[in-house]
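First up is the structure itself, then whatever we jot down about it.
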Amino acid sequence: IIMEFLAGNRIRGLSSEKDTVLISVTDLKSYWKFNETSGDIINQATSVGSTVSLGTGADLQVTGATHGATGIFGSGTAMTFDGTNDYCKAGTSVSQFNFLHKVNSTWSICFWAKGRILPVNDSGIFVTGRVATDNDIGHKTTFQNNANIRNVQANGSTAIFDKTTTNSYMPDTNFHFYACRFDYTTFEITRDGGTTNSQTGSRSNAGTASNAMQAAFIGAWGTGSGFFDGEICELSIWDRVLTDAEVTSLYNSGSGASISSPINAVDGSIFYETDTNKSYVL
């Protein structure tokens, strides 16, 4: 007779909590839920357990954008940008986000967004440095005026990476989940947890540790251009490439999943909602 024994914790909770077990907060730098009713948007990476969070230095200062929109988790969980002069500014130092464009950079940027209209020019989702020319230093993830998503990184003398997806993502009246992942040779966009909307491309490994040309902005390129028209919520930035399983868990079949403090689970733990509904977690 062969018997198998599992050594681990017995954890009881909801299925939505089980999904968060699959999302490690390792290397989580910033996490903005956009569920504040007024004032700054708080970087909640520390509060969910990240040990490398940029902390309150990456809280977002809001200019023009409106709190309290209906987000993926309901009313009051998203921020509205009007496409004219709204933006959020992050960080107290332009050096805080250097990990996005340094040599051998690896990162992930995930967010839920609803773009109402096509932008006239690139509209900023997350931008450090304007990156309008190769002479800029920084990172840019934007929606294009052809409805695609573009990622650019520049080191002050050349665009070390400039890739635009071939898929159209705007306009749309529904929220969609976007996972942007980069391992310093390949950039991938995944929408709504699938693979058919992914796009990859290589980059020359010529990053720089120099500071970006400006601080980080969400919803614009900066104070005067590249404004986004729509809603954004649940935006997270990681100093690593998320796994496919983590992306799937964050998408959560379209219902979304908040990033939360890790449950004390080890290999062999059993997560269950009821005694008849059990599933193993790694």
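Numbering starts fresh at 1 for the residues of each chain in the structure tokens, the chains themselves are lettered A, B, ... in the order given, and ligands are numbered from 1 as they appear.
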**Message:** Need the shell around segment 67-80 of chain A: protein/DNA/RNA residues with any atom at most 7 Å away, counting only C-alpha atoms. Skip same-chain ones fewer than 6 positions apart. Format as a PyMOL selection string?
**Reply:** chain A and resi 33-38+175+230-233+256
Near segment 146-154 of chain A, within 8 Å and counting only C-alpha atoms, which residues show up once chain neighbours fewer than 4 positions away are dropped, as a PDB file with all heavy atoms, in the first residue's frame?
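Output (around18.pdb):
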ATOM      1  N   HIS A 101      14.502  51.164 -16.588  1.00  0.00           N
ATOM      2  CA  HIS A 101      15.279  51.351 -17.815  1.00  0.00           C
ATOM      3  C   HIS A 101      16.772  51.070 -17.639  1.00  0.00           C
ATOM      4  O   HIS A 101      17.568  51.331 -18.537  1.00  0.00           O
ATOM      5  CB  HIS A 101      15.103  52.784 -18.361  1.00  0.00           C
ATOM      6  CG  HIS A 101      15.542  53.860 -17.407  1.00  0.00           C
ATOM      7  ND1 HIS A 101      14.659  54.550 -16.633  1.00  0.00           N
ATOM      8  CD2 HIS A 101      16.752  54.368 -17.117  1.00  0.00           C
ATOM      9  CE1 HIS A 101      15.300  55.439 -15.904  1.00  0.00           C
ATOM     10  NE2 HIS A 101      16.588  55.339 -16.178  1.00  0.00           N
ATOM     11  N   LEU A 118      -9.968  57.525 -28.799  1.00  0.00           N
ATOM     12  CA  LEU A 118      -8.583  57.441 -29.254  1.00  0.00           C
ATOM     13  C   LEU A 118      -7.864  58.748 -28.954  1.00  0.00           C
ATOM     14  O   LEU A 118      -8.414  59.827 -29.167  1.00  0.00           O
ATOM     15  CB  LEU A 118      -8.538  57.170 -30.756  1.00  0.00           C
ATOM     16  CG  LEU A 118      -8.853  55.751 -31.208  1.00  0.00           C
ATOM     17  CD1 LEU A 118      -8.890  55.701 -32.732  1.00  0.00           C
ATOM     18  CD2 LEU A 118      -7.830  54.771 -30.675  1.00  0.00           C
ATOM     19  N   VAL A 131      10.506  60.915 -22.861  1.00  0.00           N
ATOM     20  CA  VAL A 131      10.888  59.959 -23.901  1.00  0.00           C
ATOM     21  C   VAL A 131      10.255  60.357 -25.235  1.00  0.00           C
ATOM     22  O   VAL A 131       9.720  59.536 -25.971  1.00  0.00           O
ATOM     23  CB  VAL A 131      10.512  58.508 -23.524  1.00  0.00           C
ATOM     24  CG1 VAL A 131      11.265  57.520 -24.409  1.00  0.00           C
ATOM     25  CG2 VAL A 131      10.864  58.210 -22.082  1.00  0.00           C
ATOM     26  N   ASP A 134      15.092  60.258 -28.659  1.00  0.00           N
ATOM     27  CA  ASP A 134      16.104  59.331 -28.165  1.00  0.00           C
ATOM     28  C   ASP A 134      17.040  59.986 -27.162  1.00  0.00           C
ATOM     29  O   ASP A 134      17.753  59.293 -26.433  1.00  0.00           O
ATOM     30  CB  ASP A 134      16.932  58.790 -29.340  1.00  0.00           C
ATOM     31  CG  ASP A 134      16.099  57.921 -30.260  1.00  0.00           C
ATOM     32  OD1 ASP A 134      14.985  57.532 -29.861  1.00  0.00           O
ATOM     33  OD2 ASP A 134      16.562  57.639 -31.382  1.00  0.00           O
ATOM     34  N   ASN A 135      17.076  61.316 -27.125  1.00  0.00           N
ATOM     35  CA  ASN A 135      17.963  62.012 -26.204  1.00  0.00           C
ATOM     36  C   ASN A 135      17.413  62.062 -24.780  1.00  0.00           C
ATOM     37  O   ASN A 135      18.076  62.533 -23.862  1.00  0.00           O
ATOM     38  CB  ASN A 135      18.238  63.438 -26.691  1.00  0.00           C
ATOM     39  CG  ASN A 135      19.047  63.453 -27.978  1.00  0.00           C
ATOM     40  OD1 ASN A 135      19.924  62.614 -28.161  1.00  0.00           O
ATOM     41  ND2 ASN A 135      18.756  64.395 -28.851  1.00  0.00           N
ATOM     42  N   ASP A 136      16.166  61.605 -24.595  1.00  0.00           N
ATOM     43  CA  ASP A 136      15.591  61.545 -23.262  1.00  0.00           C
ATOM     44  C   ASP A 136      16.065  60.278 -22.549  1.00  0.00           C
ATOM     45  O   ASP A 136      16.572  59.343 -23.170  1.00  0.00           O
ATOM     46  CB  ASP A 136      14.060  61.542 -23.328  1.00  0.00           C
ATOM     47  CG  ASP A 136      13.507  62.859 -23.858  1.00  0.00           C
ATOM     48  OD1 ASP A 136      14.196  63.879 -23.699  1.00  0.00           O
ATOM     49  OD2 ASP A 136      12.413  62.853 -24.420  1.00  0.00           O
ATOM     50  N   ILE A 137      15.872  60.251 -21.242  1.00  0.00           N
ATOM     51  CA  ILE A 137      16.180  59.083 -20.431  1.00  0.00           C
ATOM     52  C   ILE A 137      14.914  58.693 -19.681  1.00  0.00           C
ATOM     53  O   ILE A 137      14.307  59.527 -19.016  1.00  0.00           O
ATOM     54  CB  ILE A 137      17.310  59.360 -19.422  1.00  0.00           C
ATOM     55  CG1 ILE A 137      18.614  59.703 -20.153  1.00  0.00           C
ATOM     56  CG2 ILE A 137      17.530  58.176 -18.499  1.00  0.00           C
ATOM     57  CD1 ILE A 137      19.720  60.149 -19.226  1.00  0.00           C
ATOM     58  N   GLY A 138      14.511  57.437 -19.812  1.00  0.00           N
ATOM     59  CA  GLY A 138      13.351  57.016 -19.053  1.00  0.00           C
ATOM     60  C   GLY A 138      12.569  55.903 -19.715  1.00  0.00           C
ATOM     61  O   GLY A 138      13.066  55.181 -20.575  1.00  0.00           O
ATOM     62  N   HIS A 139      11.322  55.801 -19.295  1.00  0.00           N
ATOM     63  CA  HIS A 139      10.433  54.716 -19.687  1.00  0.00           C
ATOM     64  C   HIS A 139       9.074  55.296 -20.065  1.00  0.00           C
ATOM     65  O   HIS A 139       8.609  56.270 -19.470  1.00  0.00           O
ATOM     66  CB  HIS A 139      10.277  53.746 -18.509  1.00  0.00           C
ATOM     67  CG  HIS A 139       9.126  52.805 -18.649  1.00  0.00           C
ATOM     68  ND1 HIS A 139       9.271  51.533 -19.158  1.00  0.00           N
ATOM     69  CD2 HIS A 139       7.803  52.947 -18.362  1.00  0.00           C
ATOM     70  CE1 HIS A 139       8.085  50.937 -19.166  1.00  0.00           C
ATOM     71  NE2 HIS A 139       7.182  51.771 -18.694  1.00  0.00           N
ATOM     72  N   LYS A 140       8.429  54.665 -21.038  1.00  0.00           N
ATOM     73  CA  LYS A 140       7.107  55.144 -21.442  1.00  0.00           C
ATOM     74  C   LYS A 140       6.224  53.964 -21.844  1.00  0.00           C
ATOM     75  O   LYS A 140       6.587  53.171 -22.725  1.00  0.00           O
ATOM     76  CB  LYS A 140       7.212  56.116 -22.615  1.00  0.00           C
ATOM     77  CG  LYS A 140       5.872  56.625 -23.142  1.00  0.00           C
ATOM     78  CD  LYS A 140       6.046  57.719 -24.180  1.00  0.00           C
ATOM     79  CE  LYS A 140       6.573  57.189 -25.487  1.00  0.00           C
ATOM     80  NZ  LYS A 140       6.605  58.225 -26.538  1.00  0.00           N
ATOM     81  N   THR A 141       5.080  53.810 -21.193  1.00  0.00           N
ATOM     82  CA  THR A 141       4.037  52.882 -21.610  1.00  0.00           C
ATOM     83  C   THR A 141       2.798  53.708 -21.920  1.00  0.00           C
ATOM     84  O   THR A 141       2.263  54.384 -21.028  1.00  0.00           O
ATOM     85  CB  THR A 141       3.714  51.848 -20.523  1.00  0.00           C
ATOM     86  OG1 THR A 141       4.886  51.066 -20.251  1.00  0.00           O
ATOM     87  CG2 THR A 141       2.595  50.921 -20.971  1.00  0.00           C
ATOM     88  N   THR A 142       2.352  53.692 -23.172  1.00  0.00           N
ATOM     89  CA  THR A 142       1.279  54.584 -23.598  1.00  0.00           C
ATOM     90  C   THR A 142       0.282  53.864 -24.502  1.00  0.00           C
ATOM     91  O   THR A 142       0.597  52.858 -25.142  1.00  0.00           O
ATOM     92  CB  THR A 142       1.830  55.787 -24.392  1.00  0.00           C
ATOM     93  OG1 THR A 142       2.489  55.296 -25.576  1.00  0.00           O
ATOM     94  CG2 THR A 142       2.816  56.597 -23.569  1.00  0.00           C
ATOM     95  N   THR A 158      19.988  56.867 -27.449  1.00  0.00           N
ATOM     96  CA  THR A 158      19.282  56.022 -28.401  1.00  0.00           C
ATOM     97  C   THR A 158      18.083  55.386 -27.721  1.00  0.00           C
ATOM     98  O   THR A 158      18.054  55.249 -26.496  1.00  0.00           O
ATOM     99  CB  THR A 158      20.209  54.912 -28.946  1.00  0.00           C
ATOM    100  OG1 THR A 158      19.513  54.150 -29.924  1.00  0.00           O
ATOM    101  CG2 THR A 158      20.652  53.985 -27.828  1.00  0.00           C
ATOM    102  N   ALA A 159      17.107  55.034 -28.524  1.00  0.00           N
ATOM    103  CA  ALA A 159      15.970  54.278 -28.009  1.00  0.00           C
ATOM    104  C   ALA A 159      16.395  52.822 -27.905  1.00  0.00           C
ATOM    105  O   ALA A 159      16.489  52.121 -28.903  1.00  0.00           O
ATOM    106  CB  ALA A 159      14.767  54.433 -28.924  1.00  0.00           C
ATOM    107  N   ILE A 160      16.684  52.380 -26.691  1.00  0.00           N
ATOM    108  CA  ILE A 160      17.164  51.016 -26.513  1.00  0.00           C
ATOM    109  C   ILE A 160      16.041  50.006 -26.719  1.00  0.00           C
ATOM    110  O   ILE A 160      16.291  48.829 -26.948  1.00  0.00           O
ATOM    111  CB  ILE A 160      17.799  50.825 -25.130  1.00  0.00           C
ATOM    112  CG1 ILE A 160      16.833  51.245 -24.018  1.00  0.00           C
ATOM    113  CG2 ILE A 160      19.093  51.608 -25.029  1.00  0.00           C
ATOM    114  CD1 ILE A 160      17.387  51.047 -22.626  1.00  0.00           C
ATOM    115  N   PHE A 161      14.806  50.476 -26.642  1.00  0.00           N
ATOM    116  CA  PHE A 161      13.661  49.614 -26.922  1.00  0.00           C
ATOM    117  C   PHE A 161      12.497  50.483 -27.346  1.00  0.00           C
ATOM    118  O   PHE A 161      12.192  51.484 -26.709  1.00  0.00           O
ATOM    119  CB  PHE A 161      13.274  48.795 -25.688  1.00  0.00           C
ATOM    120  CG  PHE A 161      12.233  47.746 -25.969  1.00  0.00           C
ATOM    121  CD1 PHE A 161      12.607  46.483 -26.391  1.00  0.00           C
ATOM    122  CD2 PHE A 161      10.890  48.024 -25.842  1.00  0.00           C
ATOM    123  CE1 PHE A 161      11.657  45.510 -26.666  1.00  0.00           C
ATOM    124  CE2 PHE A 161       9.935  47.069 -26.108  1.00  0.00           C
ATOM    125  CZ  PHE A 161      10.319  45.806 -26.524  1.00  0.00           C
ATOM    126  N   ASP A 162      11.855  50.110 -28.445  1.00  0.00           N
ATOM    127  CA  ASP A 162      10.680  50.839 -28.926  1.00  0.00           C
ATOM    128  C   ASP A 162       9.803  49.840 -29.652  1.00  0.00           C
ATOM    129  O   ASP A 162      10.104  49.417 -30.766  1.00  0.00           O
ATOM    130  CB  ASP A 162      11.105  51.980 -29.852  1.00  0.00           C
ATOM    131  CG  ASP A 162       9.934  52.886 -30.245  1.00  0.00           C
ATOM    132  OD1 ASP A 162       8.764  52.504 -29.988  1.00  0.00           O
ATOM    133  OD2 ASP A 162      10.172  53.965 -30.797  1.00  0.00           O
ATOM    134  N   LYS A 163       8.726  49.433 -29.009  1.00  0.00           N
ATOM    135  CA  LYS A 163       7.873  48.395 -29.582  1.00  0.00           C
ATOM    136  C   LYS A 163       6.410  48.767 -29.412  1.00  0.00           C
ATOM    137  O   LYS A 163       5.980  49.177 -28.344  1.00  0.00           O
ATOM    138  CB  LYS A 163       8.144  47.051 -28.886  1.00  0.00           C
ATOM    139  CG  LYS A 163       7.453  45.872 -29.550  1.00  0.00           C
ATOM    140  CD  LYS A 163       8.061  45.565 -30.908  1.00  0.00           C
ATOM    141  CE  LYS A 163       7.416  44.350 -31.549  1.00  0.00           C
ATOM    142  NZ  LYS A 163       7.990  44.045 -32.864  1.00  0.00           N
ATOM    143  N   THR A 164       5.652  48.619 -30.486  1.00  0.00           N
ATOM    144  CA  THR A 164       4.215  48.886 -30.467  1.00  0.00           C
ATOM    145  C   THR A 164       3.468  47.614 -30.831  1.00  0.00           C
ATOM    146  O   THR A 164       3.832  46.924 -31.784  1.00  0.00           O
ATOM    147  CB  THR A 164       3.845  49.994 -31.472  1.00  0.00           C
ATOM    148  OG1 THR A 164       4.575  51.175 -31.143  1.00  0.00           O
ATOM    149  CG2 THR A 164       2.353  50.289 -31.421  1.00  0.00           C
ATOM    150  N   THR A 165       2.448  47.295 -30.075  1.00  0.00           N
ATOM    151  CA  THR A 165       1.673  46.096 -30.351  1.00  0.00           C
ATOM    152  C   THR A 165       0.935  46.238 -31.673  1.00  0.00           C
ATOM    153  O   THR A 165       0.715  47.342 -32.180  1.00  0.00           O
ATOM    154  CB  THR A 165       0.644  45.831 -29.242  1.00  0.00           C
ATOM    155  OG1 THR A 165      -0.338  46.867 -29.260  1.00  0.00           O
ATOM    156  CG2 THR A 165       1.302  45.784 -27.882  1.00  0.00           C
ATOM    157  N   THR A 166       0.518  45.134 -32.220  1.00  0.00           N
ATOM    158  CA  THR A 166      -0.249  45.149 -33.470  1.00  0.00           C
ATOM    159  C   THR A 166      -1.741  45.017 -33.207  1.00  0.00           C
ATOM    160  O   THR A 166      -2.524  44.909 -34.144  1.00  0.00           O
ATOM    161  CB  THR A 166       0.191  43.995 -34.378  1.00  0.00           C
ATOM    162  OG1 THR A 166       0.018  42.750 -33.691  1.00  0.00           O
ATOM    163  CG2 THR A 166       1.648  44.157 -34.767  1.00  0.00           C
ATOM    164  N   ASN A 167      -2.132  45.030 -31.942  1.00  0.00           N
ATOM    165  CA  ASN A 167      -3.537  44.865 -31.585  1.00  0.00           C
ATOM    166  C   ASN A 167      -4.174  46.202 -31.231  1.00  0.00           C
ATOM    167  O   ASN A 167      -3.526  47.083 -30.665  1.00  0.00           O
ATOM    168  CB  ASN A 167      -3.681  43.913 -30.396  1.00  0.00           C
ATOM    169  CG  ASN A 167      -3.042  42.566 -30.665  1.00  0.00           C
ATOM    170  OD1 ASN A 167      -1.922  42.328 -30.242  1.00  0.00           O
ATOM    171  ND2 ASN A 167      -3.730  41.709 -31.376  1.00  0.00           N
ATOM    172  N   SER A 168      -5.442  46.356 -31.547  1.00  0.00           N
ATOM    173  CA  SER A 168      -6.189  47.568 -31.215  1.00  0.00           C
ATOM    174  C   SER A 168      -6.937  47.361 -29.906  1.00  0.00           C
ATOM    175  O   SER A 168      -7.671  46.385 -29.751  1.00  0.00           O
ATOM    176  CB  SER A 168      -7.177  47.912 -32.338  1.00  0.00           C
ATOM    177  OG  SER A 168      -6.491  48.198 -33.539  1.00  0.00           O
ATOM    178  N   TYR A 169      -6.750  48.300 -28.964  1.00  0.00           N
ATOM    179  CA  TYR A 169      -7.325  48.152 -27.637  1.00  0.00           C
ATOM    180  C   TYR A 169      -8.346  49.240 -27.285  1.00  0.00           C
ATOM    181  O   TYR A 169      -8.982  49.164 -26.233  1.00  0.00           O
ATOM    182  CB  TYR A 169      -6.212  48.188 -26.591  1.00  0.00           C
ATOM    183  CG  TYR A 169      -5.220  47.060 -26.728  1.00  0.00           C
ATOM    184  CD1 TYR A 169      -3.901  47.310 -27.097  1.00  0.00           C
ATOM    185  CD2 TYR A 169      -5.600  45.747 -26.490  1.00  0.00           C
ATOM    186  CE1 TYR A 169      -2.985  46.273 -27.197  1.00  0.00           C
ATOM    187  CE2 TYR A 169      -4.691  44.707 -26.595  1.00  0.00           C
ATOM    188  CZ  TYR A 169      -3.387  44.983 -26.953  1.00  0.00           C
ATOM    189  OH  TYR A 169      -2.479  43.948 -27.071  1.00  0.00           O
ATOM    190  N   MET A 170      -8.470  50.264 -28.095  1.00  0.00           N
ATOM    191  CA  MET A 170      -9.355  51.386 -27.783  1.00  0.00           C
ATOM    192  C   MET A 170     -10.137  51.762 -29.036  1.00  0.00           C
ATOM    193  O   MET A 170      -9.711  51.441 -30.147  1.00  0.00           O
ATOM    194  CB  MET A 170      -8.532  52.604 -27.316  1.00  0.00           C
ATOM    195  CG  MET A 170      -7.778  52.415 -26.015  1.00  0.00           C
ATOM    196  SD  MET A 170      -6.686  53.813 -25.714  1.00  0.00           S
ATOM    197  CE  MET A 170      -7.870  55.139 -25.548  1.00  0.00           C
ATOM    198  N   PRO A 171     -11.229  52.540 -28.855  1.00  0.00           N
ATOM    199  CA  PRO A 171     -11.895  52.835 -27.572  1.00  0.00           C
ATOM    200  C   PRO A 171     -12.755  51.666 -27.132  1.00  0.00           C
ATOM    201  O   PRO A 171     -13.097  50.794 -27.930  1.00  0.00           O
ATOM    202  CB  PRO A 171     -12.748  54.052 -27.915  1.00  0.00           C
ATOM    203  CG  PRO A 171     -13.083  53.872 -29.369  1.00  0.00           C
ATOM    204  CD  PRO A 171     -11.881  53.219 -29.984  1.00  0.00           C
ATOM    205  N   GLY A 207      20.960  49.839 -21.366  1.00  0.00           N
ATOM    206  CA  GLY A 207      20.251  50.702 -20.438  1.00  0.00           C
ATOM    207  C   GLY A 207      21.186  51.665 -19.737  1.00  0.00           C
ATOM    208  O   GLY A 207      22.376  51.738 -20.025  1.00  0.00           O
TER     209      GLY A 207
END
**Gln44 of chain A environment, 10 Å, only C-alpha atoms, sequence neighbours closer than 6 positions dropped, as a ChimeraX atom specification** = /A:28-33,50,53-56,58-59,236,259-260
For the selection just defined, write its residues with C-alpha atoms to a file, as a PDB file, in the first residue's frame.
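To be explicit, this is the file written out as selection.pdb:
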ATOM      1  CA  LEU A  28       6.420  44.816  -5.736  1.00  0.00           C
ATOM      2  CA  LYS A  29       7.503  48.469  -5.933  1.00  0.00           C
ATOM      3  CA  SER A  30       4.225  50.360  -6.174  1.00  0.00           C
ATOM      4  CA  TYR A  31       0.540  49.473  -5.929  1.00  0.00           C
ATOM      5  CA  TRP A  32      -2.147  52.084  -6.430  1.00  0.00           C
ATOM      6  CA  LYS A  33      -5.737  50.904  -5.960  1.00  0.00           C
ATOM      7  CA  SER A  50       6.311  44.166  -0.008  1.00  0.00           C
ATOM      8  CA  SER A  53       8.238  49.095  -1.796  1.00  0.00           C
ATOM      9  CA  LEU A  54       9.027  52.669  -2.824  1.00  0.00           C
ATOM     10  CA  GLY A  55       6.791  53.590   0.107  1.00  0.00           C
ATOM     11  CA  THR A  56       5.087  56.941   0.588  1.00  0.00           C
ATOM     12  CA  ALA A  58       5.595  56.907  -4.570  1.00  0.00           C
ATOM     13  CA  ASP A  59       2.213  58.239  -3.430  1.00  0.00           C
ATOM     14  CA  SER A 236       0.962  47.843  -9.902  1.00  0.00           C
ATOM     15  CA  ILE A 259      -3.001  42.230  -4.276  1.00  0.00           C
ATOM     16  CA  SER A 260      -3.031  41.320  -0.603  1.00  0.00           C
TER      17      SER A 260
END
**Message:** Rounded to one decimal, what separation in Å do you get between atom CA of Trp107 of chain A and atom CA of Asp183 of chain A?
**Reply:**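 Going from atom CA of Trp107 of chain A over to atom CA of Asp183 of chain A covers 6.7 Å.
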**Request:** Enumerate, as number ranges by chain, the complete set of residues in segment 98-132 of chain A that a backbone-based DSSP assignment places in strand (DSSP E).
**Result:** A: 107-115, 123-128
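Proximity to Gly194 of chain A at 10 Å, evaluated using only C-alpha atoms and with sequence-adjacent residues fewer than 5 positions away removed, yields Phe177, Tyr178, Ala179, Ile189, Asp244, Val247, Thr248 and Tyr251 of chain A.
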**helix (DSSP H, G or I) call set, DSSP backbone run, segment 35-248 of chain A, as a ChimeraX atom specification** = /A:55-58,98-100,244-248
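Interatomic distance, atom CA of Val25 of chain A to atom CA of Cys110 of chain A: 13.2 Å.
Atom CA of Ala215 of chain A is positioned 24.4 Å from atom CA of Leu242 of chain A.
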**Asked** In terms of the shortest atom-to-atom distance over only C-alpha atoms, which of A:Leu22, A:Val103, A:Ile218, A:Ala132 is closest to Asp86 of chain A?
**Response**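 So, comparing all the options, the nearest one is A:Ile218.
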**Request:** Tell me which of A:Thr63, A:Ser24, A:Ser258, A:Ser210 sits closest to Phe111 of chain A, counting only C-alpha atoms.
**Result:**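 Checking each of A:Thr63, A:Ser24, A:Ser258, A:Ser210 against Phe111 of chain A, counting only C-alpha atoms, the winner is A:Ser258.
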**Message:** With only C-alpha atoms as the counted atoms, please give the residues lying no more than 12 Å from Asn85 of chain A, apart from itself and same-chain residues fewer than 3 positions off, as a list in words.
**Reply:**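 Selected residues are Val62, Thr63, Gly64, Ala65, Thr66, Thr80, Phe81, Asp82, Cys88, Ser123, Gly124, Ile218, Gly219, Ala220, Trp221, Gly222, Thr223, Gly224, Ser225, Gly226, Phe227, Phe228 and Asp229 of chain A.
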Could you dump the residues just selected with C-alpha atoms as a compact mmCIF listing (two decimals), in the first residue's frame?
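Everything below was put into part.txt:
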# COMPACT_ATOMS: atom_id res chain seq x y z
CA VAL A 62 -3.53 64.23 -8.17
CA THR A 63 -4.00 67.14 -10.58
CA GLY A 64 -7.43 67.50 -12.17
CA ALA A 65 -8.33 63.80 -12.20
CA THR A 66 -11.56 62.80 -10.46
CA THR A 80 -11.22 59.33 -14.13
CA PHE A 81 -8.93 61.24 -16.50
CA ASP A 82 -10.60 63.69 -18.90
CA CYS A 88 -1.15 61.94 -11.29
CA SER A 123 -1.57 59.08 -24.03
CA GLY A 124 0.41 58.20 -20.95
CA ILE A 218 0.11 58.35 -14.71
CA GLY A 219 -2.52 59.54 -17.18
CA ALA A 220 -0.16 61.83 -19.12
CA TRP A 221 3.36 62.26 -20.46
CA GLY A 222 3.84 65.15 -18.08
CA THR A 223 2.14 68.37 -17.09
CA GLY A 224 1.35 69.51 -20.62
CA SER A 225 0.81 66.66 -23.08
CA GLY A 226 -0.17 63.05 -23.73
CA PHE A 227 -3.35 63.06 -21.66
CA PHE A 228 -5.39 59.89 -21.22
CA ASP A 229 -9.20 59.90 -21.53
**Item:** Selected residue, from A:Thr51, A:Thr92, A:Ser108, A:Thr173, that lies nearest to Phe126 of chain A when counting only C-alpha atoms
**Value:**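 Smallest separation from Phe126 of chain A among the options: A:Ser108.
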